[in-house]
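Each remark here refers to the structure printed beneath this line.
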Amino acid sequence: VTADDMSSATLRRISTMSRSPPSSPTGEMEHGVSKRRGSTSSKGSADLGPMRRRSLHRYSVTKGSSSGGGRRGSLRRGLMAVRDLVLLERIDHDAVVQVLRKRFSDDQIYTYIGNVVVSVNPYKNLNIYDSATIDKYRGANMFDAQLPPHIFSLTDAAYGDMRFRGNNQCIIISGESGAGKTEASKKIMQYIAAVSGSSGGGDAIKEKLLRTNPVLEAFGNAKTIRNDNSSRFGKYMDMEFDYHGNPTGGTITTYLLEKARVVRQGDQERNFHIFYQLAAAGELKNLGLPAEAKQYEYLRQGNCVQVKGVQDARDFREVQNALKSLGFLADEVKQIINSLGGVLMLGQLGFATHGDQAVVSTSKELDQCAKLLSTSSKALEIGLTSNTIIARGKQVTSPLNEEQASYSRHTLAKALYARLFDWLASRMNTILRADKGNVKAVIGVLDIYGFEIFTSNSFEQFCINYCNEKLQQLFIELTLKTEQEEYKQEGITWVEVEYFNNRIICDMIDKKPHGMLAILDEECIRPGDRSDEVWLSKLNDQFKKHSHYASQATKKGGKTPHDVFILTHYAGEVTYNVEGFLDKNTDTLFRDLSRSMYECDSPLLKDLFPEGDTKKWVGVSKRPRTAGTTFKESMATMIQILIVKSPSYIRCIKPNDKKRPGQYDETSVLHQVCYLGLLENVKVRRAGYCYRQPLEKFLMRFKVICPKTYPVWKGETQEGISAILLFLGVDPSGYEFGRTKVFIKDPQTVFKLEHERDRKMEEIAVVIQRFWRRWRIRSRIKDYWQELIRTYGNVARDPHWGRHFRWPANVPPVLREPDRQLHAVYLNWWAKKKVLSLDEAQRSATRLKIIAHACFSNEMARDQPDSARSHKKSIDLTRTYDGVYGDVPAQTRNASLRVINSNPDSKLNFVAPALKLNRGGKVDRRMIILGDRNLFKVDSGMKCNVKRTISLPDLQRVTISPHSDSVAILYTDRPGFDTVLDLGSTGQNHLPEFIARLYVACRDQGHRLNVVVTGEPALEYNNSGKAQQNKALTFMAATDSSGSGVCQLTKNAVYYRS
């Protein structure tokens, strides 16, 4: 694997990560596969010695004994907790099977072979896929000993390599049918959706990608005898990502749908899920068709209409929601359901012979089928009972007999369903298509049918098993053969690890001109009588000496029937019955059927059967491609797609054939371990090197670690690399130089390299950040200071000293405190300038206004919690405070002076008209006179008779509301003698000046008046002359703005203008 200038979090894609055995004192590898000094030990599983055993202890929960040879008891005592099969002390099939058994019994279904994940199907739900588990593996190292092996770890490694290095990825999932491949692919997509970005519509794309699963499962999966949710098609999905790691789209490629299942199922098997879902959800009944699945010929053959634990109605609702989320139109969904109903009704048709040709004998079913397919009953019947061929440019139509018509019906049902499935995949690709300019890299997930061995195996199993042969060949090429060849090319001393190369089987099937598929195509197109038996005879002649082929005629097949042949695949022997091979390979659809579909009124069916256009029939003589050739070419294309991507492997194993949780069949597992080549994979990983890198790239990436090589190394590249490794204390036996690359054995060495590089890069980053931040701060200070000088540089010459200038708003965080202090200095300077410009009278008035503002802002309140405090909304500070207002007659002013002179007061501070709430709740007009010792309430006449005198020290507090009223409540130390005053009865609000002068007068008497602004909706007071007879005054917004006063004072309420 190559490494770029990225963090160690992306190192998880190390291509052959393993824990290699350390060197013995003589410098030789004690495992006996790779030696540096030319000495070759046996290829067997020799004891690794005490050094190797000690190195395994930190990976194992239980320490194993070094003795015991190959005895299973020793394995069970010592090797059960190994998380990576590379760490096994003994390397043989039995050890692998027993480790997997122990982990399976502990619900640890995942095990590593380096960077390959082995997954054992638990056949039950495990709580290891929730969001908390996702968070644990997000960005974590795949070989972190604190985290158990998991499919999420492999997926995170692939995602990280894609995101940070831009490498296209593919995750290849392989294994038998029922081993858990489909579930594994869903878990991969779940993890990627959780950890990938969501900007630029990423969440919507992720939702659509996930929504493709229930649709493809419903239309492409079915129950088989080995798997309740078996994929009957192959699927490869490319998930596309932008440069930020956000999903931008996807592409789905499907391979070889098992369309024969539409018309025929084996015992205890079902048709595709979607048909049973339609029945369970009542959709078939809505179409006017029989409601139950068991009433349909195409659905009851397997005697398994219902499956335990499967809720078809619920699953159909999920499919409906998925189609809606993906953007399928309502009319498209309707046409899909009608087409599926038409497929089922084709199976209900009966045929009879009339004259020399077949006719449909079930007219009701024919009418229903034609209606669903948007065509006429006559047109459909003609299509089913006749065949038109093109001979020498002319159309020749011939009738079909009863058997041929029945075959024709089945052919149409299969073709209609298969093309509908392909159309669904194409439609989803259109929806998921991304702008190629926004695609940085892709992650592909291959979920394809597993190896199948049934009681009766036909053309479908032949293609499926051929596909698995190609994938196994790819695995061998990328993980076993290629790696060993690289060691030879680089001059690394290497003892070959033997493995079975299945190319001989692939060539037998697909090599031209004498491969099985080529001979099958030749038999399908030759003139004269063609038959499956003739094809089998040709196979016998061609492969009678082949070690992987047997039949009755070759005398290697034992007591096998005459119509079968046996192939020894990499996964074992499979017996194929040749009956139907030619028909399935030819896959002929009569032109009349295509025409009846093309000429219907359904836009969808027109798209599915374009060859039904009779205008295109003229001159058509080219034979359609056979199914086998088409599949072979699609496999070749798939391999080309996969081989150019960085691969990751998930090898799925089925613990038993009965789909039972907790049951582990050692014989079955051993067979799978053998044919999957897991043991050979372990040997190559263990004996090889976990990391390799071109010399120049290695030096460039890691030179920052060593003071000798950073910042510039002028010596030889190998010497620089040696200096780096020596600086880290890496033993020379832990790495080796090839011709162009350096190879490192121990993953811990690689982790240490990356860790030290990260640490050095952080130090460098801190230095860069420090200089950059210093420059940025200085630039911002300079900009701030220039703006301040530009605005306030000549503020002293401004008539208002800059009061209307705008203080800089966008202040850098680092300057917020200096800015606050500078602003305070400026405000103090401005205030000083302003005060010095006033005469004594203006200064005195200004002080009063400041006190009024402070009182109305609740700054003069005492013993009041902050939560209860408020502030007065309306206060006019522009008015002149002269103490005696113009709305007071001259005679009243003179009388006020007499009141002051006749009492101990020596100064008249304030006089103004007011309204007072009396004990009976009525409003009386009064004059309020404030001296320097007392507050007087006098009548509003010319004589100013004193009604009540309040000594200023007797005032406890004054309470006002936060609203735009002019009312104040004066509380004294005598219970029952509170006073409610309205100082805005004449339309001028005297309340602010009254409060300010009252506060100053009390202060001059040595008494601090408590002025409270409270937001309580009702204020209590007592003016009854008796204790404990409180009343409440409610403040409410007035609905009527009439009246001359600032507000309206009544018995129980104050109405203020809002």
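Quick note on naming: the chains in the structure tokens go A, B, ... in the order shown, residues restart at 1 in each chain, and ligands are numbered from 1 in order of appearance.
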
Which neighbours of segment 363-373 of chain A fall inside 12 Å, counting only C-alpha atoms, when residues of the same chain fewer than 2 positions from it are skipped, and could you give them as a compact mmCIF listing (two decimals) with C-alpha atoms, in the first residue's frame?
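The resulting file, result-v2.txt, is reproduced below:
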```txt
# COMPACT_ATOMS: atom_id res chain seq x y z
CA LEU A 284 -53.76 -8.13 -5.11
CA ASN A 286 -57.33 -4.20 -4.67
CA LEU A 287 -56.54 -5.24 -8.24
CA GLY A 288 -59.58 -7.53 -8.28
CA LEU A 289 -57.43 -10.66 -8.11
CA PRO A 290 -57.47 -13.60 -5.66
CA TYR A 296 -51.54 -18.63 -7.39
CA LYS A 334 -49.13 1.74 -10.07
CA GLN A 335 -47.70 0.37 -13.31
CA ILE A 336 -45.19 -1.73 -11.36
CA ILE A 337 -47.92 -3.30 -9.21
CA ASN A 338 -50.12 -3.91 -12.28
CA SER A 339 -47.21 -5.59 -14.06
CA LEU A 340 -46.56 -7.86 -11.07
CA GLY A 341 -50.24 -8.77 -10.99
CA GLY A 342 -50.04 -9.53 -14.71
CA VAL A 343 -47.09 -11.88 -14.10
CA LEU A 344 -49.10 -13.82 -11.51
CA MET A 345 -52.13 -14.04 -13.77
CA LEU A 346 -50.00 -15.48 -16.58
CA GLY A 347 -49.46 -18.43 -14.30
CA GLN A 348 -53.22 -18.84 -13.91
CA LEU A 349 -53.87 -19.23 -17.63
CA GLY A 350 -54.95 -22.58 -19.02
CA PHE A 351 -54.60 -23.79 -22.60
CA ALA A 352 -56.54 -26.18 -24.81
CA VAL A 359 -56.17 -21.41 -27.44
CA VAL A 360 -56.53 -19.94 -23.96
CA SER A 361 -59.16 -21.91 -22.08
CA THR A 375 -53.69 -4.63 -23.63
CA SER A 376 -56.66 -6.43 -25.14
CA SER A 377 -57.47 -10.06 -24.45
CA LYS A 378 -57.32 -10.86 -28.15
CA ALA A 379 -53.89 -9.32 -28.62
CA LEU A 380 -52.53 -11.14 -25.60
CA GLU A 381 -53.98 -14.47 -26.72
CA ILE A 382 -52.47 -14.07 -30.20
CA GLY A 383 -49.11 -13.30 -28.65
CA LEU A 384 -49.27 -16.41 -26.45
CA ARG A 409 -46.61 -18.04 -21.17
CA LEU A 412 -43.27 -13.97 -21.01
CA ALA A 413 -43.64 -14.11 -17.21
CA LEU A 416 -41.49 -9.35 -17.93
CA LEU A 593 -45.13 -11.66 -27.17
CA SER A 596 -48.28 -7.55 -27.62
CA MET A 597 -46.37 -5.84 -24.83
CA TYR A 598 -45.04 -3.02 -26.99
CA GLU A 599 -48.47 -2.25 -28.43
CA CYS A 600 -50.14 -2.04 -25.00
CA ASP A 601 -51.17 1.23 -23.36
CA SER A 602 -48.61 1.05 -20.54
CA PRO A 603 -45.60 3.39 -21.05
CA LEU A 604 -43.58 1.17 -18.76
CA LEU A 605 -44.18 -2.01 -20.78
CA LYS A 606 -43.39 -0.16 -24.01
```

Please report, as CSV, each residue of segment 624-648 of chain A lying at most 7 Å from segment 164-172 of chain A, together with the nearest pair of atoms and the separation in Å rounded to one decimal; use only C-alpha atoms, and order rows by chain and ascending residue number.
```
residue,atom,partner,partner_atom,distance
A:Leu642,CA,A:Cys170,CA,6.4
A:Lys645,CA,A:Gln169,CA,5.1
A:Ser646,CA,A:Gln169,CA,4.7
A:Pro647,CA,A:Cys170,CA,4.9
A:Ser648,CA,A:Ile171,CA,4.7
```

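When only C-alpha atoms are used to compute distances to Tyr449 of chain A, the closest of the residues A:Thr554, A:Asn303, A:Thr362, A:Ser231 turns out to be A:Ser231.
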
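When only C-alpha atoms are used to compute distances to Asp144 of chain A, the closest of the residues A:Arg101, A:Ala1018, A:Ile653, A:Gln748 turns out to be A:Gln748.
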
Go ahead and compute the interatomic distance for atom CA of Trp775 of chain A and atom CA of Thr791 of chain A, in Å to one decimal. 24.3 Å

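Within segment 365-483 of chain A, the backbone-based DSSP assignment of strand (DSSP E or B) covers Ser386, Asn387, Thr388, Ile389, Ile390, Ala391, Lys394, Gln395, Val396, Thr397, Ser398, Pro399, Ala441, Val442, Ile443, Gly444, Val445, Leu446, Asp447, Phe451 and Asn457 of chain A.
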
Atoms kept (N, CA, C and O atoms) for selection, written as a compact mmCIF listing (two decimals), in the first residue's frame:
```
# COMPACT_ATOMS: atom_id res chain seq x y z
N SER A 386 -49.05 -17.88 -30.91
CA SER A 386 -48.47 -17.85 -32.25
C SER A 386 -47.03 -17.36 -32.17
O SER A 386 -46.63 -16.72 -31.21
N ASN A 387 -46.30 -17.65 -33.24
CA ASN A 387 -44.90 -17.25 -33.29
C ASN A 387 -44.57 -16.77 -34.69
O ASN A 387 -44.84 -17.46 -35.67
N THR A 388 -44.00 -15.58 -34.76
CA THR A 388 -43.61 -15.00 -36.04
C THR A 388 -42.10 -15.04 -36.17
O THR A 388 -41.38 -14.60 -35.25
N ILE A 389 -41.61 -15.56 -37.28
CA ILE A 389 -40.18 -15.60 -37.54
C ILE A 389 -39.90 -14.80 -38.82
O ILE A 389 -40.79 -14.59 -39.64
N ILE A 390 -38.65 -14.35 -38.94
CA ILE A 390 -38.21 -13.62 -40.11
C ILE A 390 -37.39 -14.58 -40.97
O ILE A 390 -36.32 -15.04 -40.54
N ALA A 391 -37.91 -14.91 -42.15
CA ALA A 391 -37.21 -15.82 -43.05
C ALA A 391 -36.98 -15.11 -44.38
O ALA A 391 -37.95 -14.78 -45.08
N LYS A 394 -38.86 -11.98 -44.88
CA LYS A 394 -40.31 -12.06 -44.82
C LYS A 394 -40.75 -12.58 -43.47
O LYS A 394 -40.06 -13.37 -42.83
N GLN A 395 -41.94 -12.10 -43.02
CA GLN A 395 -42.51 -12.55 -41.75
C GLN A 395 -43.37 -13.77 -41.99
O GLN A 395 -44.26 -13.76 -42.85
N VAL A 396 -43.10 -14.80 -41.23
CA VAL A 396 -43.89 -16.04 -41.32
C VAL A 396 -44.43 -16.34 -39.94
O VAL A 396 -43.67 -16.51 -38.98
N THR A 397 -45.76 -16.40 -39.81
CA THR A 397 -46.41 -16.66 -38.53
C THR A 397 -46.94 -18.08 -38.52
O THR A 397 -47.64 -18.51 -39.45
N SER A 398 -46.64 -18.78 -37.44
CA SER A 398 -47.11 -20.16 -37.29
C SER A 398 -47.76 -20.33 -35.93
O SER A 398 -47.37 -19.68 -34.95
N PRO A 399 -48.80 -21.18 -35.84
CA PRO A 399 -49.47 -21.40 -34.56
C PRO A 399 -48.63 -22.27 -33.63
O PRO A 399 -47.77 -23.04 -34.07
N ALA A 441 -14.00 10.13 -5.37
CA ALA A 441 -13.67 8.70 -5.31
C ALA A 441 -14.94 7.94 -4.96
O ALA A 441 -15.97 8.52 -4.62
N VAL A 442 -14.85 6.62 -5.06
CA VAL A 442 -16.02 5.78 -4.81
C VAL A 442 -15.65 4.66 -3.86
O VAL A 442 -14.48 4.28 -3.73
N ILE A 443 -16.68 4.15 -3.20
CA ILE A 443 -16.56 2.90 -2.43
C ILE A 443 -17.58 1.94 -3.02
O ILE A 443 -18.78 2.20 -2.98
N GLY A 444 -17.10 0.85 -3.58
CA GLY A 444 -17.98 -0.15 -4.15
C GLY A 444 -18.19 -1.30 -3.19
O GLY A 444 -17.27 -1.70 -2.47
N VAL A 445 -19.40 -1.81 -3.16
CA VAL A 445 -19.74 -2.96 -2.32
C VAL A 445 -20.31 -4.05 -3.22
O VAL A 445 -21.32 -3.83 -3.90
N LEU A 446 -19.65 -5.20 -3.26
CA LEU A 446 -20.10 -6.32 -4.08
C LEU A 446 -20.80 -7.33 -3.19
O LEU A 446 -20.17 -7.95 -2.34
N ASP A 447 -22.09 -7.47 -3.39
CA ASP A 447 -22.90 -8.48 -2.68
C ASP A 447 -23.49 -9.38 -3.75
O ASP A 447 -24.46 -9.03 -4.41
N PHE A 451 -21.82 -19.41 -3.36
CA PHE A 451 -21.68 -20.73 -3.97
C PHE A 451 -22.87 -21.60 -3.58
O PHE A 451 -23.30 -21.63 -2.43
N ASN A 457 -29.11 -29.21 -9.61
CA ASN A 457 -28.45 -27.97 -10.01
C ASN A 457 -28.55 -27.81 -11.53
O ASN A 457 -28.25 -28.74 -12.28
```

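For the pair atom CA of Ile525 of chain A and atom CA of Glu611 of chain A, the interatomic distance is 20.4 Å.
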
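Omitting Glu207 of chain A and its sequence neighbours fewer than 4 positions away, and counting only C-alpha atoms, the residues within 9 Å are Ala193, Gly202, Asp203, Arg211, Thr212, Ser325 and Leu326 of chain A.
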
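Proximity to segment 1039-1043 of chain A at 10 Å, evaluated using only C-alpha atoms and with sequence-adjacent residues fewer than 3 positions away removed, yields Ser985, Thr986, Gly987, Met1036, Val1046, Cys1047, Gln1048, Tyr1055, Tyr1056, Arg1057 and Ser1058 of chain A.
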
Any chance you could tabulate, as JSON lines, the residues of segment 221-285 of chain A at most 12 Å from segment 573-591 of chain A with each one's nearest atom pair and distance in Å to one decimal, using only C-alpha atoms, in chain and rising number order?
```
{"residue": "A:Leu256", "atom": "CA", "partner": "A:Asn585", "partner_atom": "CA", "distance": 11.8}
{"residue": "A:Glu258", "atom": "CA", "partner": "A:Lys584", "partner_atom": "CA", "distance": 10.7}
{"residue": "A:Lys259", "atom": "CA", "partner": "A:Lys584", "partner_atom": "CA", "distance": 10.0}
{"residue": "A:Ala260", "atom": "CA", "partner": "A:Lys584", "partner_atom": "CA", "distance": 8.6}
```

Give me a file of those residues, with N, CA and C atoms, as a PDB file, in the first residue's frame.
```
ATOM      1  N   LEU A 256     -27.387 -11.214 -13.498  1.00  0.00           N
ATOM      2  CA  LEU A 256     -28.073 -12.506 -13.629  1.00  0.00           C
ATOM      3  C   LEU A 256     -29.150 -12.742 -12.564  1.00  0.00           C
ATOM      4  N   GLU A 258     -32.163 -14.603 -11.155  1.00  0.00           N
ATOM      5  CA  GLU A 258     -32.639 -15.979 -11.336  1.00  0.00           C
ATOM      6  C   GLU A 258     -34.127 -15.943 -11.723  1.00  0.00           C
ATOM      7  N   LYS A 259     -34.392 -15.564 -12.980  1.00  0.00           N
ATOM      8  CA  LYS A 259     -35.779 -15.364 -13.396  1.00  0.00           C
ATOM      9  C   LYS A 259     -36.564 -16.659 -13.510  1.00  0.00           C
ATOM     10  N   ALA A 260     -35.877 -17.807 -13.596  1.00  0.00           N
ATOM     11  CA  ALA A 260     -36.602 -19.079 -13.634  1.00  0.00           C
ATOM     12  C   ALA A 260     -37.428 -19.288 -12.376  1.00  0.00           C
TER      13      ALA A 260
END
```

Would you please extract all alpha helix (DSSP H) residues from segment 410-481 of chain A, as assigned by DSSP on the backbone, and give them as an MDAnalysis selection string? chainID A and resid 410:432 459:476
